[in-house]
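Participant: Please find coords00.txt (compact mmCIF, N, CA, C and O atoms) on the next line:
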```txt
# COMPACT_ATOMS: atom_id res chain seq x y z
N MET A 452 20.58 -32.77 -19.39
CA MET A 452 19.36 -32.52 -18.66
C MET A 452 19.05 -31.03 -18.73
O MET A 452 19.90 -30.19 -18.49
N LYS A 453 17.80 -30.71 -19.04
CA LYS A 453 17.36 -29.33 -19.13
C LYS A 453 17.00 -28.80 -17.75
O LYS A 453 16.34 -29.49 -16.97
N SER A 454 17.46 -27.61 -17.45
CA SER A 454 17.10 -27.03 -16.15
C SER A 454 15.82 -26.21 -16.32
O SER A 454 15.57 -25.62 -17.36
N THR A 455 15.05 -26.16 -15.26
CA THR A 455 13.83 -25.36 -15.26
C THR A 455 14.20 -23.92 -14.96
O THR A 455 14.96 -23.66 -14.03
N PRO A 456 13.69 -22.97 -15.76
CA PRO A 456 14.01 -21.57 -15.48
C PRO A 456 13.48 -21.16 -14.11
O PRO A 456 12.40 -21.58 -13.71
N ARG A 457 14.27 -20.37 -13.39
CA ARG A 457 13.87 -19.91 -12.06
C ARG A 457 12.76 -18.89 -12.20
O ARG A 457 12.84 -17.94 -12.97
N VAL A 458 11.72 -19.09 -11.44
CA VAL A 458 10.60 -18.17 -11.44
C VAL A 458 10.89 -17.06 -10.43
O VAL A 458 11.22 -17.34 -9.28
N LYS A 459 10.79 -15.83 -10.88
CA LYS A 459 11.02 -14.71 -9.96
C LYS A 459 9.82 -14.56 -9.04
O LYS A 459 8.68 -14.72 -9.46
N PRO A 460 10.08 -14.24 -7.77
CA PRO A 460 8.96 -14.08 -6.83
C PRO A 460 8.08 -12.90 -7.24
O PRO A 460 8.55 -11.93 -7.84
N THR A 461 6.83 -12.98 -6.88
CA THR A 461 5.91 -11.88 -7.14
C THR A 461 6.18 -10.75 -6.15
O THR A 461 6.87 -10.93 -5.14
N GLU A 462 5.61 -9.60 -6.43
CA GLU A 462 5.74 -8.46 -5.52
C GLU A 462 5.20 -8.82 -4.15
O GLU A 462 5.81 -8.51 -3.12
N LYS A 463 4.08 -9.50 -4.12
CA LYS A 463 3.46 -9.89 -2.85
C LYS A 463 4.37 -10.84 -2.07
O LYS A 463 4.51 -10.72 -0.85
N GLU A 464 4.98 -11.78 -2.76
CA GLU A 464 5.90 -12.73 -2.10
C GLU A 464 7.13 -12.01 -1.55
O GLU A 464 7.58 -12.29 -0.44
N THR A 465 7.66 -11.07 -2.33
CA THR A 465 8.83 -10.31 -1.89
C THR A 465 8.47 -9.48 -0.66
O THR A 465 9.23 -9.42 0.31
N GLN A 466 7.31 -8.84 -0.70
CA GLN A 466 6.89 -8.04 0.45
C GLN A 466 6.74 -8.91 1.70
O GLN A 466 7.20 -8.53 2.78
N LYS A 467 6.17 -10.08 1.56
CA LYS A 467 6.00 -10.99 2.69
C LYS A 467 7.36 -11.40 3.26
O LYS A 467 7.56 -11.43 4.48
N THR A 468 8.31 -11.70 2.38
CA THR A 468 9.66 -12.07 2.82
C THR A 468 10.31 -10.93 3.61
O THR A 468 10.91 -11.15 4.67
N ILE A 469 10.18 -9.71 3.11
CA ILE A 469 10.76 -8.55 3.78
C ILE A 469 10.11 -8.35 5.15
O ILE A 469 10.80 -8.13 6.16
N LEU A 470 8.80 -8.43 5.22
CA LEU A 470 8.10 -8.26 6.50
C LEU A 470 8.48 -9.34 7.50
O LEU A 470 8.70 -9.05 8.69
N GLN A 471 8.61 -10.58 7.05
CA GLN A 471 9.03 -11.66 7.94
C GLN A 471 10.45 -11.42 8.45
O GLN A 471 10.75 -11.65 9.63
N TYR A 472 11.32 -10.95 7.58
CA TYR A 472 12.70 -10.66 7.97
C TYR A 472 12.74 -9.55 9.02
O TYR A 472 13.42 -9.67 10.05
N LEU A 473 12.01 -8.45 8.78
CA LEU A 473 12.00 -7.33 9.72
C LEU A 473 11.46 -7.77 11.08
O LEU A 473 11.95 -7.36 12.13
N ASN A 474 10.46 -8.64 11.06
CA ASN A 474 9.90 -9.17 12.30
C ASN A 474 10.92 -10.03 13.04
O ASN A 474 11.08 -9.92 14.26
N LEU A 475 11.61 -10.87 12.31
CA LEU A 475 12.65 -11.73 12.89
C LEU A 475 13.75 -10.89 13.55
O LEU A 475 14.24 -11.23 14.62
N LYS A 476 14.11 -9.78 12.91
CA LYS A 476 15.15 -8.88 13.45
C LYS A 476 14.62 -8.00 14.58
O LYS A 476 15.39 -7.27 15.20
N LYS A 477 13.32 -8.04 14.83
CA LYS A 477 12.67 -7.26 15.89
C LYS A 477 12.82 -5.75 15.70
O LYS A 477 12.93 -4.98 16.66
N TYR A 478 12.81 -5.32 14.44
CA TYR A 478 12.83 -3.89 14.15
C TYR A 478 11.48 -3.28 14.50
O TYR A 478 10.45 -3.96 14.53
N VAL A 479 11.47 -1.97 14.73
CA VAL A 479 10.22 -1.22 14.85
C VAL A 479 9.80 -0.94 13.41
O VAL A 479 10.49 -0.22 12.68
N PHE A 480 8.69 -1.52 12.99
CA PHE A 480 8.25 -1.35 11.60
C PHE A 480 6.76 -1.60 11.51
O PHE A 480 6.14 -2.16 12.41
N TRP A 481 6.18 -1.17 10.41
CA TRP A 481 4.80 -1.52 10.10
C TRP A 481 4.56 -1.40 8.61
O TRP A 481 5.25 -0.71 7.90
N ARG A 482 3.55 -2.13 8.19
CA ARG A 482 3.08 -2.13 6.80
C ARG A 482 2.13 -0.96 6.66
O ARG A 482 1.24 -0.77 7.49
N VAL A 483 2.32 -0.16 5.64
CA VAL A 483 1.49 1.01 5.41
C VAL A 483 0.44 0.66 4.36
O VAL A 483 0.78 0.28 3.25
N ASN A 484 -0.82 0.76 4.74
CA ASN A 484 -1.91 0.58 3.78
C ASN A 484 -2.44 1.95 3.42
O ASN A 484 -3.02 2.62 4.26
N ASN A 485 -2.18 2.38 2.21
CA ASN A 485 -2.60 3.74 1.85
C ASN A 485 -3.52 3.78 0.63
O ASN A 485 -3.67 4.81 0.01
N GLY A 486 -4.13 2.66 0.32
CA GLY A 486 -5.08 2.65 -0.79
C GLY A 486 -6.50 2.67 -0.25
O GLY A 486 -6.76 2.41 0.92
N SER A 487 -7.44 3.01 -1.11
CA SER A 487 -8.83 2.97 -0.68
C SER A 487 -9.28 1.52 -0.59
O SER A 487 -8.79 0.66 -1.30
N VAL A 488 -10.19 1.26 0.32
CA VAL A 488 -10.64 -0.10 0.61
C VAL A 488 -12.11 -0.25 0.20
O VAL A 488 -12.93 0.63 0.49
N PHE A 489 -12.41 -1.36 -0.44
CA PHE A 489 -13.80 -1.64 -0.80
C PHE A 489 -14.57 -2.06 0.44
O PHE A 489 -14.15 -2.93 1.19
N ASP A 490 -15.70 -1.43 0.66
CA ASP A 490 -16.57 -1.73 1.79
C ASP A 490 -17.86 -2.34 1.26
O ASP A 490 -18.69 -1.63 0.68
N PRO A 491 -18.03 -3.68 1.42
CA PRO A 491 -19.22 -4.32 0.88
C PRO A 491 -20.52 -3.79 1.49
O PRO A 491 -21.54 -3.71 0.82
N GLY A 492 -20.49 -3.40 2.77
CA GLY A 492 -21.68 -2.85 3.41
C GLY A 492 -22.06 -1.50 2.82
O GLY A 492 -23.24 -1.17 2.68
N PHE A 493 -21.07 -0.73 2.45
CA PHE A 493 -21.26 0.58 1.84
C PHE A 493 -21.55 0.44 0.35
O PHE A 493 -22.22 1.27 -0.25
N GLY A 494 -21.02 -0.64 -0.23
CA GLY A 494 -21.23 -0.88 -1.66
C GLY A 494 -20.28 -0.11 -2.56
O GLY A 494 -20.56 0.12 -3.73
N GLY A 495 -19.16 0.31 -2.01
CA GLY A 495 -18.19 1.06 -2.80
C GLY A 495 -16.88 1.21 -2.06
O GLY A 495 -16.69 0.64 -0.99
N PHE A 496 -16.00 1.99 -2.66
CA PHE A 496 -14.70 2.24 -2.04
C PHE A 496 -14.79 3.41 -1.08
O PHE A 496 -15.41 4.44 -1.40
N ARG A 497 -14.21 3.25 0.08
CA ARG A 497 -14.13 4.34 1.05
C ARG A 497 -13.05 5.31 0.59
O ARG A 497 -12.01 4.90 0.08
N LYS A 498 -13.30 6.59 0.80
CA LYS A 498 -12.28 7.56 0.41
C LYS A 498 -11.13 7.53 1.42
O LYS A 498 -11.30 7.09 2.56
N MET A 499 -9.97 7.96 0.98
CA MET A 499 -8.81 8.00 1.87
C MET A 499 -9.04 9.05 2.94
O MET A 499 -9.76 10.03 2.74
N ALA A 500 -8.42 8.85 4.08
CA ALA A 500 -8.56 9.78 5.20
C ALA A 500 -8.00 11.15 4.83
O ALA A 500 -7.13 11.28 3.97
N SER A 501 -8.50 12.16 5.51
CA SER A 501 -7.98 13.51 5.31
C SER A 501 -6.48 13.53 5.54
O SER A 501 -5.97 12.86 6.44
N PHE A 502 -5.78 14.27 4.75
CA PHE A 502 -4.33 14.45 4.81
C PHE A 502 -3.55 13.19 4.48
O PHE A 502 -2.35 13.11 4.76
N SER A 503 -4.21 12.20 3.88
CA SER A 503 -3.48 11.04 3.36
C SER A 503 -2.67 11.51 2.16
O SER A 503 -2.97 12.52 1.55
N ARG A 504 -1.68 10.74 1.83
CA ARG A 504 -0.80 11.13 0.72
C ARG A 504 -0.63 9.98 -0.24
O ARG A 504 -0.37 8.85 0.17
N LYS A 505 -0.75 10.27 -1.51
CA LYS A 505 -0.50 9.26 -2.54
C LYS A 505 1.01 9.03 -2.63
O LYS A 505 1.80 9.95 -2.41
N GLY A 506 1.39 7.81 -2.96
CA GLY A 506 2.80 7.51 -3.19
C GLY A 506 3.58 7.07 -1.97
O GLY A 506 4.78 6.81 -2.06
N VAL A 507 2.93 6.98 -0.81
CA VAL A 507 3.63 6.58 0.41
C VAL A 507 4.14 5.15 0.25
O VAL A 507 3.47 4.29 -0.31
N ALA A 508 5.35 4.90 0.76
CA ALA A 508 5.98 3.59 0.64
C ALA A 508 5.20 2.51 1.39
O ALA A 508 4.43 2.80 2.30
N ASP A 509 5.44 1.27 1.02
CA ASP A 509 4.72 0.12 1.56
C ASP A 509 5.05 -0.20 3.01
O ASP A 509 4.20 -0.68 3.76
N ILE A 510 6.30 0.04 3.41
CA ILE A 510 6.75 -0.37 4.75
C ILE A 510 7.56 0.77 5.37
O ILE A 510 8.42 1.36 4.70
N TYR A 511 7.29 1.03 6.64
CA TYR A 511 8.08 2.01 7.40
C TYR A 511 8.90 1.26 8.44
O TYR A 511 8.38 0.37 9.12
N VAL A 512 10.19 1.63 8.57
CA VAL A 512 11.09 1.03 9.56
C VAL A 512 11.83 2.15 10.29
O VAL A 512 12.31 3.09 9.66
N LEU A 513 11.95 2.01 11.61
CA LEU A 513 12.76 2.92 12.41
C LEU A 513 13.90 2.12 13.00
O LEU A 513 13.68 1.14 13.72
N LYS A 514 15.13 2.51 12.67
CA LYS A 514 16.32 1.81 13.18
C LYS A 514 17.37 2.83 13.56
O LYS A 514 17.81 3.62 12.72
N GLY A 515 17.77 2.82 14.82
CA GLY A 515 18.82 3.73 15.27
C GLY A 515 18.50 5.20 15.06
O GLY A 515 19.38 6.00 14.78
N GLY A 516 17.23 5.56 15.16
CA GLY A 516 16.82 6.94 14.98
C GLY A 516 16.68 7.35 13.52
O GLY A 516 16.41 8.52 13.24
N VAL A 517 16.87 6.44 12.61
CA VAL A 517 16.78 6.73 11.18
C VAL A 517 15.49 6.11 10.63
O VAL A 517 15.17 4.96 10.94
N SER A 518 14.77 6.87 9.83
CA SER A 518 13.55 6.38 9.21
C SER A 518 13.86 5.81 7.83
O SER A 518 14.49 6.47 7.00
N TYR A 519 13.41 4.59 7.62
CA TYR A 519 13.55 3.90 6.33
C TYR A 519 12.15 3.71 5.76
O TYR A 519 11.23 3.31 6.49
N PHE A 520 12.00 3.95 4.48
CA PHE A 520 10.74 3.75 3.79
C PHE A 520 11.00 2.79 2.65
O PHE A 520 11.82 3.07 1.77
N ILE A 521 10.33 1.64 2.66
CA ILE A 521 10.58 0.60 1.68
C ILE A 521 9.39 0.50 0.72
O ILE A 521 8.26 0.23 1.14
N GLU A 522 9.66 0.72 -0.55
CA GLU A 522 8.66 0.52 -1.60
C GLU A 522 9.00 -0.78 -2.29
O GLU A 522 10.08 -0.91 -2.87
N VAL A 523 8.10 -1.75 -2.23
CA VAL A 523 8.34 -3.06 -2.82
C VAL A 523 7.74 -3.10 -4.23
O VAL A 523 6.58 -2.72 -4.42
N LYS A 524 8.54 -3.55 -5.17
CA LYS A 524 8.10 -3.69 -6.56
C LYS A 524 8.53 -5.05 -7.08
O LYS A 524 9.51 -5.63 -6.61
N GLY A 525 7.80 -5.54 -8.08
CA GLY A 525 8.22 -6.74 -8.79
C GLY A 525 9.46 -6.41 -9.61
O GLY A 525 9.86 -5.24 -9.73
N TYR A 526 10.08 -7.41 -10.19
CA TYR A 526 11.33 -7.20 -10.92
C TYR A 526 11.21 -6.17 -12.04
O TYR A 526 12.17 -5.47 -12.34
N SER A 527 10.07 -6.07 -12.67
CA SER A 527 9.92 -5.10 -13.75
C SER A 527 9.14 -3.86 -13.32
O SER A 527 8.86 -2.99 -14.13
N GLY A 528 8.80 -3.78 -12.03
CA GLY A 528 8.01 -2.66 -11.52
C GLY A 528 8.78 -1.35 -11.49
O GLY A 528 10.00 -1.33 -11.32
N LYS A 529 8.06 -0.26 -11.68
CA LYS A 529 8.66 1.08 -11.65
C LYS A 529 7.85 1.97 -10.72
O LYS A 529 6.65 1.76 -10.52
N LEU A 530 8.52 2.97 -10.18
CA LEU A 530 7.86 3.92 -9.30
C LEU A 530 6.90 4.81 -10.10
O LEU A 530 7.23 5.24 -11.21
N SER A 531 5.76 5.12 -9.48
CA SER A 531 4.83 6.08 -10.08
C SER A 531 5.36 7.50 -9.82
O SER A 531 6.29 7.70 -9.02
N GLU A 532 4.77 8.47 -10.47
CA GLU A 532 5.18 9.87 -10.25
C GLU A 532 4.97 10.26 -8.78
O GLU A 532 5.82 10.94 -8.20
N ASP A 533 3.87 9.82 -8.18
CA ASP A 533 3.61 10.12 -6.75
C ASP A 533 4.68 9.49 -5.87
O ASP A 533 5.12 10.08 -4.88
N GLN A 534 5.11 8.28 -6.20
CA GLN A 534 6.14 7.60 -5.42
C GLN A 534 7.50 8.28 -5.58
O GLN A 534 8.27 8.38 -4.62
N ILE A 535 7.79 8.77 -6.76
CA ILE A 535 9.04 9.51 -6.99
C ILE A 535 9.04 10.80 -6.16
O ILE A 535 10.06 11.14 -5.54
N GLU A 536 7.92 11.49 -6.11
CA GLU A 536 7.82 12.71 -5.29
C GLU A 536 8.00 12.37 -3.81
O GLU A 536 8.68 13.10 -3.08
N PHE A 537 7.39 11.28 -3.37
CA PHE A 537 7.53 10.85 -1.98
C PHE A 537 9.01 10.55 -1.68
O PHE A 537 9.54 10.98 -0.65
N GLN A 538 9.68 9.83 -2.57
CA GLN A 538 11.10 9.52 -2.39
C GLN A 538 11.92 10.80 -2.25
O GLN A 538 12.77 10.91 -1.36
N LYS A 539 11.69 11.77 -3.11
CA LYS A 539 12.42 13.04 -3.05
C LYS A 539 12.22 13.74 -1.71
O LYS A 539 13.17 14.24 -1.10
N ASP A 540 10.98 13.76 -1.24
CA ASP A 540 10.68 14.41 0.04
C ASP A 540 11.36 13.69 1.20
O ASP A 540 11.92 14.33 2.09
N ILE A 541 11.34 12.36 1.21
CA ILE A 541 11.98 11.59 2.28
C ILE A 541 13.48 11.84 2.29
O ILE A 541 14.08 12.11 3.34
N GLU A 542 14.11 11.77 1.14
CA GLU A 542 15.56 11.96 1.06
C GLU A 542 15.96 13.39 1.40
O GLU A 542 16.99 13.61 2.05
N ARG A 543 15.14 14.37 1.03
CA ARG A 543 15.42 15.77 1.37
C ARG A 543 15.41 15.98 2.87
O ARG A 543 16.17 16.77 3.42
N GLU A 544 14.57 15.21 3.58
CA GLU A 544 14.44 15.34 5.03
C GLU A 544 15.36 14.39 5.80
O GLU A 544 15.27 14.30 7.03
N GLY A 545 16.24 13.67 5.11
CA GLY A 545 17.23 12.83 5.78
C GLY A 545 16.82 11.39 5.99
O GLY A 545 17.56 10.62 6.62
N GLY A 546 15.66 11.01 5.49
CA GLY A 546 15.23 9.61 5.59
C GLY A 546 15.87 8.79 4.47
O GLY A 546 16.50 9.32 3.56
N ILE A 547 15.69 7.48 4.57
CA ILE A 547 16.24 6.57 3.56
C ILE A 547 15.09 5.89 2.84
O ILE A 547 14.23 5.28 3.48
N PHE A 548 15.08 6.03 1.54
CA PHE A 548 14.05 5.41 0.70
C PHE A 548 14.69 4.22 0.01
O PHE A 548 15.76 4.32 -0.57
N ILE A 549 14.02 3.07 0.10
CA ILE A 549 14.54 1.85 -0.51
C ILE A 549 13.53 1.34 -1.54
O ILE A 549 12.38 1.09 -1.20
N LEU A 550 13.98 1.21 -2.77
CA LEU A 550 13.19 0.53 -3.79
C LEU A 550 13.63 -0.92 -3.74
O LEU A 550 14.77 -1.25 -4.09
N ALA A 551 12.76 -1.79 -3.23
CA ALA A 551 13.14 -3.18 -2.98
C ALA A 551 12.45 -4.11 -3.98
O ALA A 551 11.22 -4.21 -4.00
N LYS A 552 13.27 -4.75 -4.79
CA LYS A 552 12.77 -5.78 -5.70
C LYS A 552 13.16 -7.16 -5.19
O LYS A 552 12.76 -8.17 -5.76
N SER A 553 13.91 -7.17 -4.09
CA SER A 553 14.28 -8.41 -3.40
C SER A 553 14.74 -8.05 -1.99
O SER A 553 15.00 -6.87 -1.69
N ILE A 554 14.88 -9.04 -1.15
CA ILE A 554 15.39 -8.82 0.21
C ILE A 554 16.81 -8.26 0.17
O ILE A 554 17.21 -7.50 1.06
N ASP A 555 17.56 -8.58 -0.87
CA ASP A 555 18.93 -8.07 -1.00
C ASP A 555 18.97 -6.55 -1.01
O ASP A 555 19.90 -5.95 -0.46
N ASP A 556 17.97 -5.89 -1.62
CA ASP A 556 17.94 -4.44 -1.66
C ASP A 556 17.79 -3.87 -0.26
O ASP A 556 18.35 -2.82 0.07
N VAL A 557 17.05 -4.54 0.60
CA VAL A 557 16.86 -4.11 1.99
C VAL A 557 18.17 -4.26 2.75
O VAL A 557 18.57 -3.37 3.51
N LEU A 558 18.83 -5.37 2.56
CA LEU A 558 20.11 -5.62 3.25
C LEU A 558 21.17 -4.61 2.81
O LEU A 558 21.91 -4.07 3.64
N LYS A 559 21.26 -4.35 1.51
CA LYS A 559 22.25 -3.39 0.99
C LYS A 559 22.05 -1.99 1.54
O LYS A 559 22.99 -1.22 1.66
N ALA A 560 20.80 -1.66 1.90
CA ALA A 560 20.48 -0.33 2.42
C ALA A 560 20.80 -0.18 3.90
O ALA A 560 20.64 0.89 4.46
N GLY A 561 21.25 -1.25 4.54
CA GLY A 561 21.67 -1.17 5.93
C GLY A 561 20.75 -1.83 6.94
O GLY A 561 21.01 -1.73 8.14
N LEU A 562 19.70 -2.46 6.48
CA LEU A 562 18.79 -3.14 7.42
C LEU A 562 19.18 -4.59 7.54
O LEU A 562 18.50 -5.49 7.06
N TRP A 563 20.31 -4.86 8.20
CA TRP A 563 20.80 -6.23 8.39
C TRP A 563 20.99 -6.52 9.84
O TRP A 563 20.92 -5.73 10.69
```
Output the file's structure in the form of structure tokens.

Facilitator:
Amino acid sequence: MKSTPRVKPTEKETQKTILQYLNLKKYVFWRVNNGSVFDPGFGGFRKMASFSRKGVADIYVLKGGVSYFIEVKGYSGKLSEDQIEFQKDIEREGGIFILAKSIDDVLKAGLW
């Protein structure tokens, strides 16, 4: 009997799983939306707010006084240059940056 190859979850599915897990654990967290948004009434994309930063991670978590920043990527996804700079800044300041391609990456980083 031939087995069906396992389909890897999409980035969106992985992000949803991580957010559901963090909610279940009752962590202090939120989803960060840092892209420009299309406004149909305006007929275009709204510019980002003043002092916004490119490369900010998708999810912020505060646990035990430690800040965790989770960037969710698909299995073949890679960090952009802006995201790499953000990671360096977070780690320099004592925060924890997690590149999560699955929920396992979040657990390994200490969010269990």

Participant: Calculate how many Å separate atom O of Leu473 of chain A from atom CA of Val488 of chain A, rounding to one decimal.

Facilitator: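 Between atom O of Leu473 of chain A and atom CA of Val488 of chain A the gap works out to 26.4 Å.
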
Participant: To one decimal in Å, tell me the separation between atom CA of Phe520 of chain A and atom N of Arg482 of chain A.

Facilitator: 10.3 Å

Participant: Take the point (20.9, -10.3, 10.3) in the file's coordinates, draw a sphere of radius 8 Å around it, and report as a PDB file with N, CA, C and O atoms, keeping the file's coordinate frame every protein, DNA or RNA residue with an atom inside or on it, counting all atoms listed in the file.

Facilitator:
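Output file point_30.pdb is given in full below:
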```pdb
ATOM      1  N   TYR A 472      11.320 -10.950   7.580  1.00  0.00           N
ATOM      2  CA  TYR A 472      12.700 -10.660   7.970  1.00  0.00           C
ATOM      3  C   TYR A 472      12.740  -9.550   9.020  1.00  0.00           C
ATOM      4  O   TYR A 472      13.420  -9.670  10.050  1.00  0.00           O
ATOM      5  N   LEU A 475      11.610 -10.870  12.310  1.00  0.00           N
ATOM      6  CA  LEU A 475      12.650 -11.730  12.890  1.00  0.00           C
ATOM      7  C   LEU A 475      13.750 -10.890  13.550  1.00  0.00           C
ATOM      8  O   LEU A 475      14.240 -11.230  14.620  1.00  0.00           O
ATOM      9  N   LYS A 476      14.110  -9.780  12.910  1.00  0.00           N
ATOM     10  CA  LYS A 476      15.150  -8.880  13.450  1.00  0.00           C
ATOM     11  C   LYS A 476      14.620  -8.000  14.580  1.00  0.00           C
ATOM     12  O   LYS A 476      15.390  -7.270  15.200  1.00  0.00           O
ATOM     13  N   LEU A 562      19.700  -2.460   6.480  1.00  0.00           N
ATOM     14  CA  LEU A 562      18.790  -3.140   7.420  1.00  0.00           C
ATOM     15  C   LEU A 562      19.180  -4.590   7.540  1.00  0.00           C
ATOM     16  O   LEU A 562      18.500  -5.490   7.060  1.00  0.00           O
ATOM     17  N   TRP A 563      20.310  -4.860   8.200  1.00  0.00           N
ATOM     18  CA  TRP A 563      20.800  -6.230   8.390  1.00  0.00           C
ATOM     19  C   TRP A 563      20.990  -6.520   9.840  1.00  0.00           C
ATOM     20  O   TRP A 563      20.920  -5.730  10.690  1.00  0.00           O
TER      21      TRP A 563
END
```

Participant: Hey, can you check how far atom CA of Thr468 of chain A sits from atom O of Lys552 of chain A?

Facilitator: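 It comes out at 9.9 Å.
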
Participant: For the strand (DSSP E) assignment from backbone DSSP, which residues of segment 457-532 of chain A qualify? Please present them as a list in words.

Facilitator: Val479, Phe480, Trp481, Arg482, Phe489, Asp490, Gly495, Phe496, Ile510, Tyr511, Val512, Leu513, Lys514, Val517, Ser518, Tyr519, Phe520, Ile521, Glu522 and Val523 of chain A

Participant: Can you list, as a PDB file with N, CA, C and O atoms, in the frame of the given file, every protein, DNA or RNA residue that comes within 7 Å of Leu550 of chain A when you count all atoms listed in the file, leaving out same-chain residues fewer than 5 positions away?

Facilitator:
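Full text of around.pdb as output:
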```pdb
ATOM      1  N   PHE A 520      12.000   3.950   4.480  1.00  0.00           N
ATOM      2  CA  PHE A 520      10.740   3.750   3.790  1.00  0.00           C
ATOM      3  C   PHE A 520      11.000   2.790   2.650  1.00  0.00           C
ATOM      4  O   PHE A 520      11.820   3.070   1.770  1.00  0.00           O
ATOM      5  N   ILE A 521      10.330   1.640   2.660  1.00  0.00           N
ATOM      6  CA  ILE A 521      10.580   0.600   1.680  1.00  0.00           C
ATOM      7  C   ILE A 521       9.390   0.500   0.720  1.00  0.00           C
ATOM      8  O   ILE A 521       8.260   0.230   1.140  1.00  0.00           O
ATOM      9  N   GLU A 522       9.660   0.720  -0.550  1.00  0.00           N
ATOM     10  CA  GLU A 522       8.660   0.520  -1.600  1.00  0.00           C
ATOM     11  C   GLU A 522       9.000  -0.780  -2.290  1.00  0.00           C
ATOM     12  O   GLU A 522      10.080  -0.910  -2.870  1.00  0.00           O
ATOM     13  N   VAL A 523       8.100  -1.750  -2.230  1.00  0.00           N
ATOM     14  CA  VAL A 523       8.340  -3.060  -2.820  1.00  0.00           C
ATOM     15  C   VAL A 523       7.740  -3.100  -4.230  1.00  0.00           C
ATOM     16  O   VAL A 523       6.580  -2.720  -4.420  1.00  0.00           O
ATOM     17  N   LYS A 524       8.540  -3.550  -5.170  1.00  0.00           N
ATOM     18  CA  LYS A 524       8.100  -3.690  -6.560  1.00  0.00           C
ATOM     19  C   LYS A 524       8.530  -5.050  -7.080  1.00  0.00           C
ATOM     20  O   LYS A 524       9.510  -5.630  -6.610  1.00  0.00           O
ATOM     21  N   ASP A 556      17.970  -5.890  -1.620  1.00  0.00           N
ATOM     22  CA  ASP A 556      17.940  -4.440  -1.660  1.00  0.00           C
ATOM     23  C   ASP A 556      17.790  -3.870  -0.260  1.00  0.00           C
ATOM     24  O   ASP A 556      18.350  -2.820   0.070  1.00  0.00           O
ATOM     25  N   VAL A 557      17.050  -4.540   0.600  1.00  0.00           N
ATOM     26  CA  VAL A 557      16.860  -4.110   1.990  1.00  0.00           C
ATOM     27  C   VAL A 557      18.170  -4.260   2.750  1.00  0.00           C
ATOM     28  O   VAL A 557      18.570  -3.370   3.510  1.00  0.00           O
TER      29      VAL A 557
END
```

Participant: From a DSSP pass on the backbone, collect the residues of segment 453-556 of chain A flagged as helix (DSSP H, G or I) and hand them back as a PyMOL selection string.

Facilitator: chain A and resi 462-475+532-543+554-556

Participant: Which residue is closest to Lys477 of chain A? Choose from A:Leu513, A:Ile535, A:Gly546, A:Lys453 and count only C-alpha atoms.

Facilitator: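 Among the listed residues, the smallest separation from Lys477 of chain A belongs to A:Leu513.
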
Participant: When distances are computed from only C-alpha atoms, which of A:Lys467, A:Lys459, A:Arg504, A:Lys559 shows the smallest separation from Gly525 of chain A?

Facilitator: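 When distances to Gly525 of chain A are compared using only C-alpha atoms, the smallest one comes from A:Lys459.
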
Participant: List the spatial neighbours of Tyr526 of chain A as a PyMOL selection string - criterion: any atom at most 8 Å away, all atoms listed in the file, same-chain residues fewer than 5 positions off excluded.

Facilitator: chain A and resi 459-462+551-553
